[in-house]
>>> print(open('work07.pdb').read())   # PDB, C-alpha atoms, pLDDT in the B column
ATOM      1  CA  MET A 138      22.888  15.751   8.380  1.00 67.00           C
ATOM      2  CA  ALA A 139      21.975  12.577   6.520  1.00 73.00           C
ATOM      3  CA  SER A 140      24.289  10.559   8.757  1.00 85.00           C
ATOM      4  CA  ASN A 141      22.273  11.753  11.771  1.00 90.00           C
ATOM      5  CA  TYR A 142      19.097  10.390  10.175  1.00 91.00           C
ATOM      6  CA  ILE A 143      20.851   7.121   9.308  1.00 91.00           C
ATOM      7  CA  ARG A 144      22.020   6.673  12.902  1.00 93.00           C
ATOM      8  CA  LYS A 145      18.485   7.315  14.189  1.00 92.00           C
ATOM      9  CA  ALA A 146      17.017   4.932  11.597  1.00 91.00           C
ATOM     10  CA  ARG A 147      19.336   2.131  12.698  1.00 91.00           C
ATOM     11  CA  LEU A 148      18.653   2.785  16.367  1.00 92.00           C
ATOM     12  CA  GLY A 149      14.876   2.742  15.900  1.00 91.00           C
ATOM     13  CA  GLY A 150      14.883  -0.280  13.627  1.00 88.00           C
ATOM     14  CA  TYR A 151      17.193  -2.459  15.683  1.00 91.00           C
ATOM     15  CA  LEU A 152      15.673  -1.537  19.021  1.00 92.00           C
ATOM     16  CA  GLY A 153      12.148  -2.069  17.674  1.00 89.00           C
ATOM     17  CA  LEU A 154      13.080  -5.486  16.289  1.00 89.00           C
ATOM     18  CA  ALA A 155      14.789  -6.487  19.534  1.00 92.00           C
ATOM     19  CA  LEU A 156      11.757  -5.632  21.670  1.00 91.00           C
ATOM     20  CA  GLN A 157       9.193  -7.530  19.594  1.00 89.00           C
ATOM     21  CA  PRO A 158      10.115 -11.112  20.624  1.00 90.00           C
ATOM     22  CA  LEU A 159      10.156 -10.093  24.280  1.00 90.00           C
ATOM     23  CA  ALA A 160       6.749  -8.457  23.897  1.00 89.00           C
ATOM     24  CA  LEU A 161       5.312 -11.533  22.196  1.00 86.00           C
ATOM     25  CA  LEU A 162       6.621 -13.778  24.965  1.00 86.00           C
ATOM     26  CA  MET A 163       4.970 -11.557  27.536  1.00 84.00           C
ATOM     27  CA  LEU A 164       1.719 -11.569  25.564  1.00 80.00           C
ATOM     28  CA  GLY A 165       1.577 -15.353  25.836  1.00 75.00           C
ATOM     29  CA  SER A 166       0.335 -14.969  29.392  1.00 60.00           C
ATOM     30  CA  ILE A 167      -2.886 -13.341  28.111  1.00 61.00           C
ATOM     31  CA  ALA A 168      -3.576 -16.262  25.779  1.00 59.00           C
ATOM     32  CA  GLU A 169      -2.952 -18.857  28.484  1.00 60.00           C
ATOM     33  CA  ILE A 170      -4.998 -17.342  31.283  1.00 60.00           C
ATOM     34  CA  GLY A 171      -7.639 -15.355  29.405  1.00 63.00           C
ATOM     35  CA  GLN A 172      -7.496 -12.477  31.870  1.00 69.00           C
ATOM     36  CA  PRO A 173      -5.267  -9.408  31.637  1.00 71.00           C
ATOM     37  CA  THR A 174      -2.276  -9.703  33.943  1.00 76.00           C
ATOM     38  CA  VAL A 175       0.539  -7.304  34.696  1.00 80.00           C
ATOM     39  CA  ARG A 176       2.809  -9.383  32.494  1.00 80.00           C
ATOM     40  CA  GLY A 177       0.301  -9.344  29.620  1.00 79.00           C
ATOM     41  CA  VAL A 178      -0.304  -5.613  29.861  1.00 83.00           C
ATOM     42  CA  GLY A 179       3.462  -5.103  29.914  1.00 87.00           C
ATOM     43  CA  GLY A 180       3.660  -7.148  26.717  1.00 86.00           C
ATOM     44  CA  ILE A 181       1.070  -4.910  25.060  1.00 87.00           C
ATOM     45  CA  VAL A 182       2.999  -1.814  26.094  1.00 91.00           C
ATOM     46  CA  LEU A 183       6.279  -3.280  24.794  1.00 92.00           C
ATOM     47  CA  LEU A 184       4.644  -4.266  21.516  1.00 90.00           C
ATOM     48  CA  LEU A 185       3.275  -0.754  20.979  1.00 92.00           C
ATOM     49  CA  LEU A 186       6.657   0.726  21.883  1.00 94.00           C
ATOM     50  CA  SER A 187       8.477  -1.541  19.431  1.00 92.00           C
ATOM     51  CA  VAL A 188       6.092  -0.706  16.586  1.00 90.00           C
ATOM     52  CA  GLY A 189       6.488   2.998  17.364  1.00 92.00           C
ATOM     53  CA  LEU A 190      10.278   2.689  17.353  1.00 92.00           C
ATOM     54  CA  MET A 191      10.214   0.892  14.019  1.00 90.00           C
ATOM     55  CA  ASP A 192       7.950   3.579  12.527  1.00 90.00           C
ATOM     56  CA  TRP A 193      10.332   6.245  13.805  1.00 92.00           C
ATOM     57  CA  GLY A 194      13.283   4.369  12.291  1.00 90.00           C
ATOM     58  CA  ILE A 195      11.586   4.035   8.898  1.00 90.00           C
ATOM     59  CA  TRP A 196      10.666   7.753   8.980  1.00 91.00           C
ATOM     60  CA  ASN A 197      14.322   8.638   9.614  1.00 91.00           C
ATOM     61  CA  TYR A 198      15.396   6.309   6.812  1.00 90.00           C
ATOM     62  CA  ALA A 199      13.168   8.200   4.363  1.00 90.00           C
ATOM     63  CA  LYS A 200      14.547  11.518   5.616  1.00 90.00           C
ATOM     64  CA  SER A 201      18.123  10.233   5.171  1.00 90.00           C
ATOM     65  CA  LYS A 202      17.353   9.527   1.521  1.00 90.00           C
ATOM     66  CA  GLY A 203      16.346  13.172   1.076  1.00 89.00           C
ATOM     67  CA  TYR A 204      12.563  12.848   0.995  1.00 90.00           C
ATOM     68  CA  GLY A 205      10.138  15.078   2.843  1.00 88.00           C
ATOM     69  CA  ASN A 206       7.490  14.349   5.420  1.00 88.00           C
ATOM     70  CA  ALA A 207       4.924  13.246   2.818  1.00 88.00           C
ATOM     71  CA  VAL A 208       7.042  10.296   1.710  1.00 88.00           C
ATOM     72  CA  ALA A 209       8.282   9.676   5.248  1.00 87.00           C
ATOM     73  CA  SER A 210       4.671   9.207   6.341  1.00 88.00           C
ATOM     74  CA  LEU A 211       4.760   5.880   4.485  1.00 86.00           C
ATOM     75  CA  SER A 212       6.413   4.606   7.665  1.00 84.00           C
ATOM     76  CA  LEU A 213       2.901   4.216   9.080  1.00 84.00           C
ATOM     77  CA  PHE A 214       2.486   1.201   6.791  1.00 84.00           C
ATOM     78  CA  CYS A 215       5.483  -0.473   8.537  1.00 76.00           C
ATOM     79  CA  ALA A 216       6.877  -3.238   6.302  1.00 80.00           C
ATOM     80  CA  TYR A 217       5.069  -2.108   3.145  1.00 86.00           C
ATOM     81  CA  GLY A 218       6.191   1.468   3.659  1.00 85.00           C
ATOM     82  CA  LEU A 219       9.761   0.278   4.208  1.00 85.00           C
ATOM     83  CA  LEU A 220       9.686  -1.665   0.933  1.00 87.00           C
ATOM     84  CA  ILE A 221       8.423   1.385  -0.969  1.00 88.00           C
ATOM     85  CA  ILE A 222      10.983   3.712   0.608  1.00 89.00           C
ATOM     86  CA  ALA A 223      13.815   1.220   0.025  1.00 88.00           C
ATOM     87  CA  CYS A 224      12.990   1.131  -3.699  1.00 91.00           C
ATOM     88  CA  LEU A 225      13.103   4.917  -4.049  1.00 89.00           C
ATOM     89  CA  PRO A 226      16.425   6.397  -5.222  1.00 92.00           C
ATOM     90  CA  ARG A 227      18.420   8.863  -3.125  1.00 89.00           C
ATOM     91  CA  LYS A 228      17.640  12.498  -3.855  1.00 85.00           C
ATOM     92  CA  LYS A 229      20.940  13.878  -2.610  1.00 67.00           C
TER      93      LYS A 229
END
>>> encode(input="work07.pdb", output="structure tokens")
Amino acid sequence: MASNYIRKARLGGYLGLALQPLALLMLGSIAEIGQPTVRGVGGIVLLLLSVGLMDWGIWNYAKSKGYGNAVASLSLFCAYGLLIIACLPRKK
């Protein structure tokens, strides 16, 4: 069961990291023009999707270490939550 969580954690983390540069490139059109464009709104949507995928990946990483939902909710703090969860020992 832990391997299922590990696979989901890797998928969410890698996919979230891969989408962020693309989203930031698309967001550049908002800064240049000053008006929301389809490209800029698409960048916002991609950025929110990538952050959500990373949160989901960090949540699965905490679950793979044997912790419950209370500790897994640290994923909402993104990088800081990941650092805390990475320092915790495995329960199983």
>>> closest_residue(input="work07.pdb", among="A:Ser140, A:Val178, A:Ala216, A:Gly165", to="Met191 of chain A", atoms="all atoms listed in the file")
A:Ala216
>>> closest_residue(input="work07.pdb", among="A:Leu190, A:Ala139, A:Pro173, A:Ala155", to="Cys215 of chain A", atoms="only C-alpha atoms")
A:Leu190
>>> atom_distance(input="work07.pdb", atom1="atom CA of Ala199 of chain A", atom2="atom CA of Pro226 of chain A")
10.3 Å
>>> resolve_selection(input="work07.pdb", expression="the PyMOL selection byres ((chain A and resi 154) around 12)", output="count of residues only")
27
>>> atom_distance(input="work07.pdb", atom1="atom CA of Ile181 of chain A", atom2="atom CA of Tyr217 of chain A")
22.5 Å
>>> atom_distance(input="work07.pdb", atom1="atom CA of Leu220 of chain A", atom2="atom CA of Asn141 of chain A")
21.4 Å
